[in-house]
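Report on one structure; see the data block that follows.
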There are 2 protein chains.
Amino acid sequence: MNKPRPTGTTRIQREKREAIFEAALDVFSENGLRGATLDQIAARAGLSKPNVIYYFQGKEAIYTELLESLLDIWIAPLIELSDSDDPVEELLTYVRRKLDMSRDMPRQSRLFATEMIQNAPHINDVISGSLRDLVDEKARLIKGWMKAGKIAKSDPHHLIFSIWAVTQHYADFDVQVRAVLDGNDPFKTAPDFVETLFRRMLTP
Amino acid sequence: MNKPRPTGTTRIQREKREAIFEAALDVFSENGLRGATLDQIAARAGLSKPNVIYYFQGKEAIYTELLESLLDIWIAPLIELSDSDDPVEELLTYVRRKLDMSRDMPRQSRLFATEMIQNAPHINDVISGSLRDLVDEKARLIKGWMKAGKIAKSDPHHLIFSIWAVTQHYADFDVQVRAVLDGNDPFKTAPDFVETLFRRMLTP
DNA sequence: GCGGCACTTGACCATTTGGTCAAGAATTTT
DNA sequence: AAAATTCTTGACCAAATGGTCAAGTGCCGC
């Protein structure tokens with residue numbers, strides 16, 4: 001076998017692997033792992049099928065590496081949620097950032113959504129490991145704000161779920177949203193609504 | 001060709017088609033149309049592959065007929081949303097019903113979610129046709145309540161989206177929700193939270 | 001500018017998959 | 001109970017698909 005060693009990463013390797021990731025994000029986010037084919041990925045990346053296999057172990061390897069490389073970016077906004085004098089604004093900033101991500105990274109949102117719907121077999125350990133720890137930590141932070149009377153009381157975990165749900169809905173269900181809104185850009189009116197929703201929920 | 005005529009539907013035809021639908025709901029909701037195989041469906045239905053093809057034109061036909069047969073049930077709660085002396089309670093009843101559906105029909109929720117993520121190629125006409133009309137009608141109803149000062153003002157379309165998002169999240173992202181909640185049953189605590197969220201949003 | 005190494009791919013292969021078909025097994029009709 | 005019809009499936013097929021491999025092509029340091 002003639003695989004590139006992990007040590008010496010050449011320019012071409014970086015470029016081609018990036019092109020494959022980009023193409024794979026397109027294809028996997030639309031069809032899931034099983035529904036996607038190497039030919040599709042190769043075609044969109046502008047490479048031959050054997051060439052794709054030259055850079056990755058196989059289809060599944062592309063998928064798992066892609067998922068992992070996107071995870072950090074995906075949960076970054078939650079990591080940045082931190083203590084603040086104005087918890088309502090701190091949380092609303094998180095909400096806004098998540099909504100921005102739905103607008104700017106819909107493929108990533110759909111990729112994770114598909115993985116979740118299929119019971120997250122490839123990131124199960126992350127979800128019930130570091131992600132759960134992260135959410136627990138932030139839930140404690142939020143709980144503290146509630147006990148200090150700085151925001152209205154509710155279940156912090158479900159609060160986080162609802163933020164995820166509402167914001168990601170605009171990426172994952174984009175077709176439906178646009179069809180119902182009859183061509184009006186959802187992201188013109190969504191920020192106001194979402195801010196109102198969570199401001200009313202959070203203001204003590 | 002030897003297909004059953006649409007006229008005389010026999011007992012066996014009803015039973016077997018039902019078994020195939022049931023199996024297909026399992027398989028399609030987990031893998032989407034492309035990711036599912038006839039063998040999987042046949043196996044779960046306890047039939048041979050040719051026997052499955054005997055009752056349906058093919059894989060795609062099972063999928064589209066299944067989608068269509070579920071659409072009515074899926075939007076029924078929204079249809080039932082109607083004028084009321086207490087619009088807040090009327091809307092909260094809708095929210096509760098949607099949450100119940102996520103608990104009791106997660107496969108249907110995931111099936112539609114997967115179809116949406118993949119740009120809804122099979123129900124595009126419905127979404128931008130009768131569904132849009134239905135949502136528009138209900139949005140006008142809600143708008144009326146707002147103008148009458150019976151509920152707080154906001155964008156009715158986005159209000160409906162947020163109800164869909166929050167409630168369906170518990171079906172579509174079930175693994176994640178359960179992982180984060182560390183085994184605690186989401187549907188024990190979700191109803192309270194969701195009711196609080198939308199009560200605060202709606203109460204004038 | 002040349003030797004070695006990284007990169008590329010046409011041809012090929014095994015498996016999976018959607019679907020067919022003819023012949024036989026059940027069931028219903030008469 | 002015989003005839004007619006519906007139902008069932010083992011064997012099969014063509015296309016799609018994940019992946020291999022040997023033979024090249026081209027890039028890069030010397």
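Ligands are numbered from 1 in the order shown, chains are lettered A, B, ... in the order of the structure tokens, and residues start at 1 in each chain.
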
Each residue of chain C lying at most 10 Å from chain A should get a row with its shortest atom-to-atom pair and the distance in Å to one decimal, counting only C-alpha atoms (C1' of nucleotides); could you produce that, ordered by chain and increasing number, as CSV?
```
residue,atom,partner,partner_atom,distance
C:DA6,C1',A:Pro4,CA,8.2
C:DC7,C1',A:Asn51,CA,8.4
C:DT8,C1',A:Asn51,CA,6.4
C:DT9,C1',A:Pro50,CA,7.0
```

Serialized selection, N, CA, C and O atoms (P, O5', C5', C4', C3', O3' and C1' of nucleotides), as an mmCIF file, in the first residue's frame:
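Listed below is the output, out-v9.cif:
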```
data_model
loop_
_atom_site.group_PDB
_atom_site.id
_atom_site.type_symbol
_atom_site.label_atom_id
_atom_site.label_comp_id
_atom_site.auth_asym_id
_atom_site.auth_seq_id
_atom_site.Cartn_x
_atom_site.Cartn_y
_atom_site.Cartn_z
ATOM 1 P P DA C 6 7.093 9.617 -0.762
ATOM 2 O "O5'" DA C 6 6.076 10.543 -1.559
ATOM 3 C "C5'" DA C 6 6.309 11.944 -1.623
ATOM 4 C "C4'" DA C 6 5.369 12.560 -2.625
ATOM 5 C "C3'" DA C 6 3.890 12.264 -2.385
ATOM 6 O "O3'" DA C 6 3.138 13.449 -2.609
ATOM 7 C "C1'" DA C 6 4.489 11.566 -4.554
ATOM 8 P P DC C 7 1.625 13.496 -2.299
ATOM 9 O "O5'" DC C 7 0.974 13.187 -3.720
ATOM 10 C "C5'" DC C 7 1.209 14.104 -4.774
ATOM 11 C "C4'" DC C 7 0.778 13.492 -6.093
ATOM 12 C "C3'" DC C 7 -0.708 13.144 -6.221
ATOM 13 O "O3'" DC C 7 -1.267 14.028 -7.181
ATOM 14 C "C1'" DC C 7 0.676 11.510 -7.230
ATOM 15 P P DT C 8 -2.804 14.056 -7.461
ATOM 16 O "O5'" DT C 8 -2.986 12.976 -8.599
ATOM 17 C "C5'" DT C 8 -2.407 13.212 -9.870
ATOM 18 C "C4'" DT C 8 -2.740 12.074 -10.804
ATOM 19 C "C3'" DT C 8 -4.222 11.663 -10.817
ATOM 20 O "O3'" DT C 8 -4.742 11.944 -12.111
ATOM 21 C "C1'" DT C 8 -2.773 9.769 -10.764
ATOM 22 P P DT C 9 -6.306 11.817 -12.356
ATOM 23 O "O5'" DT C 9 -6.393 10.362 -13.012
ATOM 24 C "C5'" DT C 9 -5.578 10.057 -14.118
ATOM 25 C "C4'" DT C 9 -5.723 8.589 -14.484
ATOM 26 C "C3'" DT C 9 -7.160 8.043 -14.401
ATOM 27 O "O3'" DT C 9 -7.419 7.259 -15.535
ATOM 28 C "C1'" DT C 9 -5.715 6.652 -13.216
#
```

For stretch 57-61 of chain B, list every protein, DNA or RNA residue within 9 Å, evaluated using only C-alpha atoms (C1' of nucleotides), and leave out those in the same chain fewer than 5 positions away; present the list as an mmCIF file with all heavy atoms, in the first residue's frame.
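Written out: out.cif:
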```
data_model
loop_
_atom_site.group_PDB
_atom_site.id
_atom_site.type_symbol
_atom_site.label_atom_id
_atom_site.label_comp_id
_atom_site.auth_asym_id
_atom_site.auth_seq_id
_atom_site.Cartn_x
_atom_site.Cartn_y
_atom_site.Cartn_z
ATOM 1 N N LYS B 3 -49.606 -7.366 -11.324
ATOM 2 C CA LYS B 3 -49.795 -6.544 -10.119
ATOM 3 C C LYS B 3 -51.248 -6.609 -9.661
ATOM 4 O O LYS B 3 -52.155 -6.796 -10.470
ATOM 5 C CB LYS B 3 -49.425 -5.078 -10.420
ATOM 6 C CG LYS B 3 -47.985 -4.926 -10.857
ATOM 7 C CD LYS B 3 -47.032 -5.059 -9.679
ATOM 8 C CE LYS B 3 -45.655 -5.452 -10.193
ATOM 9 N NZ LYS B 3 -44.674 -5.621 -9.138
ATOM 10 N N LEU B 33 -34.169 7.461 1.870
ATOM 11 C CA LEU B 33 -34.521 6.668 0.690
ATOM 12 C C LEU B 33 -33.301 5.963 0.109
ATOM 13 O O LEU B 33 -33.287 4.753 -0.069
ATOM 14 C CB LEU B 33 -35.160 7.576 -0.361
ATOM 15 C CG LEU B 33 -35.418 6.961 -1.734
ATOM 16 C CD1 LEU B 33 -36.301 5.734 -1.628
ATOM 17 C CD2 LEU B 33 -36.055 7.976 -2.661
ATOM 18 N N ALA B 36 -31.622 3.133 2.305
ATOM 19 C CA ALA B 36 -32.385 1.931 2.620
ATOM 20 C C ALA B 36 -32.318 0.932 1.472
ATOM 21 O O ALA B 36 -32.156 1.317 0.316
ATOM 22 C CB ALA B 36 -33.841 2.296 2.898
ATOM 23 N N THR B 37 -32.442 -0.344 1.797
ATOM 24 C CA THR B 37 -32.437 -1.366 0.751
ATOM 25 C C THR B 37 -33.720 -2.195 0.815
ATOM 26 O O THR B 37 -34.327 -2.349 1.880
ATOM 27 C CB THR B 37 -31.248 -2.327 0.893
ATOM 28 O OG1 THR B 37 -31.456 -3.176 2.026
ATOM 29 C CG2 THR B 37 -29.947 -1.562 1.061
ATOM 30 N N LEU B 38 -34.087 -2.729 -0.330
ATOM 31 C CA LEU B 38 -35.261 -3.588 -0.392
ATOM 32 C C LEU B 38 -35.094 -4.812 0.494
ATOM 33 O O LEU B 38 -36.056 -5.285 1.100
ATOM 34 C CB LEU B 38 -35.519 -4.019 -1.835
ATOM 35 C CG LEU B 38 -36.315 -3.040 -2.698
ATOM 36 C CD1 LEU B 38 -36.377 -3.528 -4.121
ATOM 37 C CD2 LEU B 38 -37.712 -2.873 -2.126
ATOM 38 N N VAL B 52 -42.188 -8.401 -1.878
ATOM 39 C CA VAL B 52 -42.362 -6.967 -1.630
ATOM 40 C C VAL B 52 -42.649 -6.243 -2.935
ATOM 41 O O VAL B 52 -43.558 -5.407 -3.023
ATOM 42 C CB VAL B 52 -41.105 -6.377 -0.950
ATOM 43 C CG1 VAL B 52 -41.181 -4.859 -0.892
ATOM 44 C CG2 VAL B 52 -40.949 -6.962 0.446
ATOM 45 N N LEU B 66 -45.671 5.824 1.290
ATOM 46 C CA LEU B 66 -45.570 5.918 2.747
ATOM 47 C C LEU B 66 -45.625 7.376 3.191
ATOM 48 O O LEU B 66 -46.393 7.742 4.087
ATOM 49 C CB LEU B 66 -44.266 5.264 3.213
ATOM 50 C CG LEU B 66 -43.986 5.302 4.716
ATOM 51 C CD1 LEU B 66 -45.016 4.487 5.488
ATOM 52 C CD2 LEU B 66 -42.579 4.776 5.021
ATOM 53 P P DG C 18 -31.874 -1.603 -3.030
ATOM 54 O OP1 DG C 18 -32.036 -0.313 -2.351
ATOM 55 O OP2 DG C 18 -32.270 -2.854 -2.362
ATOM 56 O "O5'" DG C 18 -32.624 -1.525 -4.427
ATOM 57 C "C5'" DG C 18 -32.293 -0.495 -5.342
ATOM 58 C "C4'" DG C 18 -32.845 -0.843 -6.695
ATOM 59 O "O4'" DG C 18 -32.159 -2.022 -7.180
ATOM 60 C "C3'" DG C 18 -34.332 -1.188 -6.688
ATOM 61 O "O3'" DG C 18 -34.960 -0.585 -7.819
ATOM 62 C "C2'" DG C 18 -34.352 -2.713 -6.758
ATOM 63 C "C1'" DG C 18 -33.081 -3.022 -7.531
ATOM 64 N N9 DG C 18 -32.478 -4.312 -7.195
ATOM 65 C C8 DG C 18 -32.272 -4.821 -5.939
ATOM 66 N N7 DG C 18 -31.717 -6.010 -5.938
ATOM 67 C C5 DG C 18 -31.542 -6.296 -7.279
ATOM 68 C C6 DG C 18 -30.991 -7.455 -7.912
ATOM 69 O O6 DG C 18 -30.532 -8.470 -7.394
ATOM 70 N N1 DG C 18 -31.007 -7.342 -9.303
ATOM 71 C C2 DG C 18 -31.495 -6.254 -10.000
ATOM 72 N N2 DG C 18 -31.433 -6.330 -11.322
ATOM 73 N N3 DG C 18 -32.011 -5.187 -9.414
ATOM 74 C C4 DG C 18 -32.008 -5.267 -8.066
ATOM 75 P P DG C 19 -36.506 -0.715 -8.030
ATOM 76 O OP1 DG C 19 -36.951 0.383 -8.897
ATOM 77 O OP2 DG C 19 -37.136 -0.944 -6.718
ATOM 78 O "O5'" DG C 19 -36.596 -2.052 -8.888
ATOM 79 C "C5'" DG C 19 -35.902 -2.090 -10.136
ATOM 80 C "C4'" DG C 19 -35.968 -3.492 -10.715
ATOM 81 O "O4'" DG C 19 -35.148 -4.381 -9.928
ATOM 82 C "C3'" DG C 19 -37.365 -4.122 -10.757
ATOM 83 O "O3'" DG C 19 -37.766 -4.232 -12.115
ATOM 84 C "C2'" DG C 19 -37.178 -5.480 -10.095
ATOM 85 C "C1'" DG C 19 -35.670 -5.673 -10.133
ATOM 86 N N9 DG C 19 -35.156 -6.573 -9.103
ATOM 87 C C8 DG C 19 -35.177 -6.404 -7.737
ATOM 88 N N7 DG C 19 -34.646 -7.403 -7.079
ATOM 89 C C5 DG C 19 -34.255 -8.291 -8.062
ATOM 90 C C6 DG C 19 -33.622 -9.563 -7.964
ATOM 91 O O6 DG C 19 -33.280 -10.169 -6.964
ATOM 92 N N1 DG C 19 -33.400 -10.124 -9.218
ATOM 93 C C2 DG C 19 -33.746 -9.541 -10.407
ATOM 94 N N2 DG C 19 -33.456 -10.240 -11.513
ATOM 95 N N3 DG C 19 -34.324 -8.362 -10.522
ATOM 96 C C4 DG C 19 -34.558 -7.798 -9.317
#
```

May I ask you to extract the residues of chain A within 7 Å of chain B, using only C-alpha atoms, and to give them as a ChimeraX atom specification? /A:30-31,34-35,110,114,116-119,127-128,132,154-155,158,162,165-166,169,172-173,175-176,179-180,190,193,197,200-201

Tell me which of A:Phe187, A:Tyr94, A:Phe56, A:Trp74 sits closest to chain D, counting only C-alpha atoms (C1' of nucleotides). A:Phe56

Given a cut-off of 10 Å, which residues of chain D touch chain A, counting only C-alpha atoms (C1' of nucleotides), written out as a PDB file with all heavy atoms, in the first residue's frame?
```pdb
ATOM      1  P    DA D  16     -25.991   2.177 -13.670  1.00  0.00           P
ATOM      2  OP1  DA D  16     -26.776   3.429 -13.789  1.00  0.00           O
ATOM      3  OP2  DA D  16     -24.771   1.961 -14.483  1.00  0.00           O
ATOM      4  O5'  DA D  16     -25.619   1.984 -12.128  1.00  0.00           O
ATOM      5  C5'  DA D  16     -26.670   1.715 -11.213  1.00  0.00           C
ATOM      6  C4'  DA D  16     -26.108   1.547  -9.826  1.00  0.00           C
ATOM      7  O4'  DA D  16     -25.466   0.246  -9.707  1.00  0.00           O
ATOM      8  C3'  DA D  16     -25.040   2.570  -9.412  1.00  0.00           C
ATOM      9  O3'  DA D  16     -25.300   2.915  -8.065  1.00  0.00           O
ATOM     10  C2'  DA D  16     -23.723   1.811  -9.586  1.00  0.00           C
ATOM     11  C1'  DA D  16     -24.146   0.389  -9.231  1.00  0.00           C
ATOM     12  N9   DA D  16     -23.375  -0.693  -9.859  1.00  0.00           N
ATOM     13  C8   DA D  16     -23.038  -0.819 -11.174  1.00  0.00           C
ATOM     14  N7   DA D  16     -22.372  -1.930 -11.448  1.00  0.00           N
ATOM     15  C5   DA D  16     -22.272  -2.561 -10.223  1.00  0.00           C
ATOM     16  C6   DA D  16     -21.673  -3.775  -9.834  1.00  0.00           C
ATOM     17  N6   DA D  16     -21.058  -4.597 -10.671  1.00  0.00           N
ATOM     18  N1   DA D  16     -21.750  -4.118  -8.525  1.00  0.00           N
ATOM     19  C2   DA D  16     -22.385  -3.292  -7.672  1.00  0.00           C
ATOM     20  N3   DA D  16     -22.980  -2.126  -7.931  1.00  0.00           N
ATOM     21  C4   DA D  16     -22.883  -1.815  -9.234  1.00  0.00           C
ATOM     22  P    DT D  17     -24.555   4.139  -7.386  1.00  0.00           P
ATOM     23  OP1  DT D  17     -25.501   4.773  -6.448  1.00  0.00           O
ATOM     24  OP2  DT D  17     -23.891   4.923  -8.448  1.00  0.00           O
ATOM     25  O5'  DT D  17     -23.439   3.415  -6.525  1.00  0.00           O
ATOM     26  C5'  DT D  17     -23.819   2.360  -5.651  1.00  0.00           C
ATOM     27  C4'  DT D  17     -22.591   1.674  -5.111  1.00  0.00           C
ATOM     28  O4'  DT D  17     -22.128   0.689  -6.060  1.00  0.00           O
ATOM     29  C3'  DT D  17     -21.393   2.609  -4.862  1.00  0.00           C
ATOM     30  O3'  DT D  17     -21.090   2.582  -3.489  1.00  0.00           O
ATOM     31  C2'  DT D  17     -20.281   2.023  -5.721  1.00  0.00           C
ATOM     32  C1'  DT D  17     -20.743   0.579  -5.895  1.00  0.00           C
ATOM     33  N1   DT D  17     -20.201  -0.115  -7.098  1.00  0.00           N
ATOM     34  C2   DT D  17     -19.674  -1.375  -6.950  1.00  0.00           C
ATOM     35  O2   DT D  17     -19.612  -1.956  -5.883  1.00  0.00           O
ATOM     36  N3   DT D  17     -19.200  -1.945  -8.116  1.00  0.00           N
ATOM     37  C4   DT D  17     -19.214  -1.377  -9.376  1.00  0.00           C
ATOM     38  O4   DT D  17     -18.766  -1.982 -10.349  1.00  0.00           O
ATOM     39  C5   DT D  17     -19.784  -0.057  -9.468  1.00  0.00           C
ATOM     40  C7   DT D  17     -19.842   0.650 -10.787  1.00  0.00           C
ATOM     41  C6   DT D  17     -20.248   0.506  -8.336  1.00  0.00           C
ATOM     42  P    DG D  18     -20.044   3.651  -2.868  1.00  0.00           P
ATOM     43  OP1  DG D  18     -20.739   4.283  -1.740  1.00  0.00           O
ATOM     44  OP2  DG D  18     -19.435   4.455  -3.927  1.00  0.00           O
ATOM     45  O5'  DG D  18     -18.921   2.691  -2.280  1.00  0.00           O
ATOM     46  C5'  DG D  18     -19.277   1.723  -1.305  1.00  0.00           C
ATOM     47  C4'  DG D  18     -18.113   0.802  -1.076  1.00  0.00           C
ATOM     48  O4'  DG D  18     -17.872   0.051  -2.286  1.00  0.00           O
ATOM     49  C3'  DG D  18     -16.803   1.528  -0.755  1.00  0.00           C
ATOM     50  O3'  DG D  18     -16.101   0.811   0.255  1.00  0.00           O
ATOM     51  C2'  DG D  18     -16.054   1.518  -2.094  1.00  0.00           C
ATOM     52  C1'  DG D  18     -16.550   0.226  -2.721  1.00  0.00           C
ATOM     53  N9   DG D  18     -16.562   0.266  -4.187  1.00  0.00           N
ATOM     54  C8   DG D  18     -17.034   1.269  -4.988  1.00  0.00           C
ATOM     55  N7   DG D  18     -16.916   1.015  -6.266  1.00  0.00           N
ATOM     56  C5   DG D  18     -16.322  -0.241  -6.309  1.00  0.00           C
ATOM     57  C6   DG D  18     -15.935  -1.039  -7.423  1.00  0.00           C
ATOM     58  O6   DG D  18     -16.047  -0.790  -8.628  1.00  0.00           O
ATOM     59  N1   DG D  18     -15.370  -2.249  -7.021  1.00  0.00           N
ATOM     60  C2   DG D  18     -15.203  -2.630  -5.709  1.00  0.00           C
ATOM     61  N2   DG D  18     -14.634  -3.818  -5.518  1.00  0.00           N
ATOM     62  N3   DG D  18     -15.556  -1.905  -4.664  1.00  0.00           N
ATOM     63  C4   DG D  18     -16.105  -0.718  -5.038  1.00  0.00           C
ATOM     64  P    DG D  19     -14.750   1.394   0.843  1.00  0.00           P
ATOM     65  OP1  DG D  19     -14.570   0.841   2.197  1.00  0.00           O
ATOM     66  OP2  DG D  19     -14.722   2.840   0.608  1.00  0.00           O
ATOM     67  O5'  DG D  19     -13.679   0.697  -0.097  1.00  0.00           O
ATOM     68  C5'  DG D  19     -13.682  -0.740  -0.172  1.00  0.00           C
ATOM     69  C4'  DG D  19     -12.749  -1.194  -1.258  1.00  0.00           C
ATOM     70  O4'  DG D  19     -13.290  -0.881  -2.558  1.00  0.00           O
ATOM     71  C3'  DG D  19     -11.344  -0.576  -1.239  1.00  0.00           C
ATOM     72  O3'  DG D  19     -10.416  -1.599  -0.902  1.00  0.00           O
ATOM     73  C2'  DG D  19     -11.135  -0.056  -2.651  1.00  0.00           C
ATOM     74  C1'  DG D  19     -12.211  -0.803  -3.443  1.00  0.00           C
ATOM     75  N9   DG D  19     -12.615  -0.135  -4.673  1.00  0.00           N
ATOM     76  C8   DG D  19     -13.271   1.073  -4.797  1.00  0.00           C
ATOM     77  N7   DG D  19     -13.497   1.410  -6.041  1.00  0.00           N
ATOM     78  C5   DG D  19     -12.948   0.370  -6.775  1.00  0.00           C
ATOM     79  C6   DG D  19     -12.888   0.173  -8.183  1.00  0.00           C
ATOM     80  O6   DG D  19     -13.300   0.898  -9.078  1.00  0.00           O
ATOM     81  N1   DG D  19     -12.244  -1.027  -8.503  1.00  0.00           N
ATOM     82  C2   DG D  19     -11.746  -1.913  -7.595  1.00  0.00           C
ATOM     83  N2   DG D  19     -11.172  -3.007  -8.097  1.00  0.00           N
ATOM     84  N3   DG D  19     -11.800  -1.760  -6.288  1.00  0.00           N
ATOM     85  C4   DG D  19     -12.412  -0.594  -5.944  1.00  0.00           C
ATOM     86  P    DT D  20      -8.849  -1.316  -0.824  1.00  0.00           P
ATOM     87  OP1  DT D  20      -8.339  -2.095   0.317  1.00  0.00           O
ATOM     88  OP2  DT D  20      -8.593   0.130  -0.931  1.00  0.00           O
ATOM     89  O5'  DT D  20      -8.322  -2.002  -2.161  1.00  0.00           O
ATOM     90  C5'  DT D  20      -8.697  -3.341  -2.442  1.00  0.00           C
ATOM     91  C4'  DT D  20      -8.014  -3.823  -3.711  1.00  0.00           C
ATOM     92  O4'  DT D  20      -8.587  -3.129  -4.858  1.00  0.00           O
ATOM     93  C3'  DT D  20      -6.501  -3.578  -3.764  1.00  0.00           C
ATOM     94  O3'  DT D  20      -5.878  -4.800  -4.126  1.00  0.00           O
ATOM     95  C2'  DT D  20      -6.335  -2.483  -4.842  1.00  0.00           C
ATOM     96  C1'  DT D  20      -7.546  -2.721  -5.730  1.00  0.00           C
ATOM     97  N1   DT D  20      -8.072  -1.540  -6.471  1.00  0.00           N
ATOM     98  C2   DT D  20      -8.088  -1.550  -7.844  1.00  0.00           C
ATOM     99  O2   DT D  20      -7.670  -2.475  -8.516  1.00  0.00           O
ATOM    100  N3   DT D  20      -8.618  -0.421  -8.417  1.00  0.00           N
ATOM    101  C4   DT D  20      -9.123   0.689  -7.762  1.00  0.00           C
ATOM    102  O4   DT D  20      -9.575   1.640  -8.392  1.00  0.00           O
ATOM    103  C5   DT D  20      -9.059   0.623  -6.332  1.00  0.00           C
ATOM    104  C7   DT D  20      -9.584   1.781  -5.534  1.00  0.00           C
ATOM    105  C6   DT D  20      -8.552  -0.466  -5.750  1.00  0.00           C
ATOM    106  P    DC D  21      -4.313  -4.991  -3.861  1.00  0.00           P
ATOM    107  OP1  DC D  21      -4.134  -6.416  -3.515  1.00  0.00           O
ATOM    108  OP2  DC D  21      -3.828  -3.929  -2.954  1.00  0.00           O
ATOM    109  O5'  DC D  21      -3.695  -4.731  -5.303  1.00  0.00           O
ATOM    110  C5'  DC D  21      -4.399  -5.195  -6.450  1.00  0.00           C
ATOM    111  C4'  DC D  21      -3.689  -4.740  -7.706  1.00  0.00           C
ATOM    112  O4'  DC D  21      -4.394  -3.598  -8.278  1.00  0.00           O
ATOM    113  C3'  DC D  21      -2.239  -4.280  -7.502  1.00  0.00           C
ATOM    114  O3'  DC D  21      -1.456  -4.755  -8.567  1.00  0.00           O
ATOM    115  C2'  DC D  21      -2.353  -2.754  -7.519  1.00  0.00           C
ATOM    116  C1'  DC D  21      -3.459  -2.579  -8.562  1.00  0.00           C
ATOM    117  N1   DC D  21      -4.176  -1.281  -8.472  1.00  0.00           N
ATOM    118  C2   DC D  21      -4.640  -0.668  -9.645  1.00  0.00           C
ATOM    119  O2   DC D  21      -4.430  -1.221 -10.739  1.00  0.00           O
ATOM    120  N3   DC D  21      -5.292   0.511  -9.559  1.00  0.00           N
ATOM    121  C4   DC D  21      -5.490   1.072  -8.356  1.00  0.00           C
ATOM    122  N4   DC D  21      -6.155   2.233  -8.315  1.00  0.00           N
ATOM    123  C5   DC D  21      -5.021   0.472  -7.151  1.00  0.00           C
ATOM    124  C6   DC D  21      -4.379  -0.699  -7.255  1.00  0.00           C
ATOM    125  P    DC D  27       3.347  18.848 -12.308  1.00  0.00           P
ATOM    126  OP1  DC D  27       1.894  19.064 -12.233  1.00  0.00           O
ATOM    127  OP2  DC D  27       4.151  19.488 -13.383  1.00  0.00           O
ATOM    128  O5'  DC D  27       3.960  19.253 -10.888  1.00  0.00           O
ATOM    129  C5'  DC D  27       3.469  18.606  -9.717  1.00  0.00           C
ATOM    130  C4'  DC D  27       4.612  18.205  -8.811  1.00  0.00           C
ATOM    131  O4'  DC D  27       5.390  17.150  -9.411  1.00  0.00           O
ATOM    132  C3'  DC D  27       5.604  19.334  -8.481  1.00  0.00           C
ATOM    133  O3'  DC D  27       5.619  19.485  -7.080  1.00  0.00           O
ATOM    134  C2'  DC D  27       6.937  18.833  -9.053  1.00  0.00           C
ATOM    135  C1'  DC D  27       6.743  17.319  -8.996  1.00  0.00           C
ATOM    136  N1   DC D  27       7.582  16.493  -9.918  1.00  0.00           N
ATOM    137  C2   DC D  27       8.491  15.566  -9.384  1.00  0.00           C
ATOM    138  O2   DC D  27       8.610  15.462  -8.156  1.00  0.00           O
ATOM    139  N3   DC D  27       9.235  14.793 -10.224  1.00  0.00           N
ATOM    140  C4   DC D  27       9.091  14.925 -11.542  1.00  0.00           C
ATOM    141  N4   DC D  27       9.828  14.132 -12.331  1.00  0.00           N
ATOM    142  C5   DC D  27       8.163  15.851 -12.114  1.00  0.00           C
ATOM    143  C6   DC D  27       7.450  16.610 -11.275  1.00  0.00           C
TER     144       DC D  27
END
```
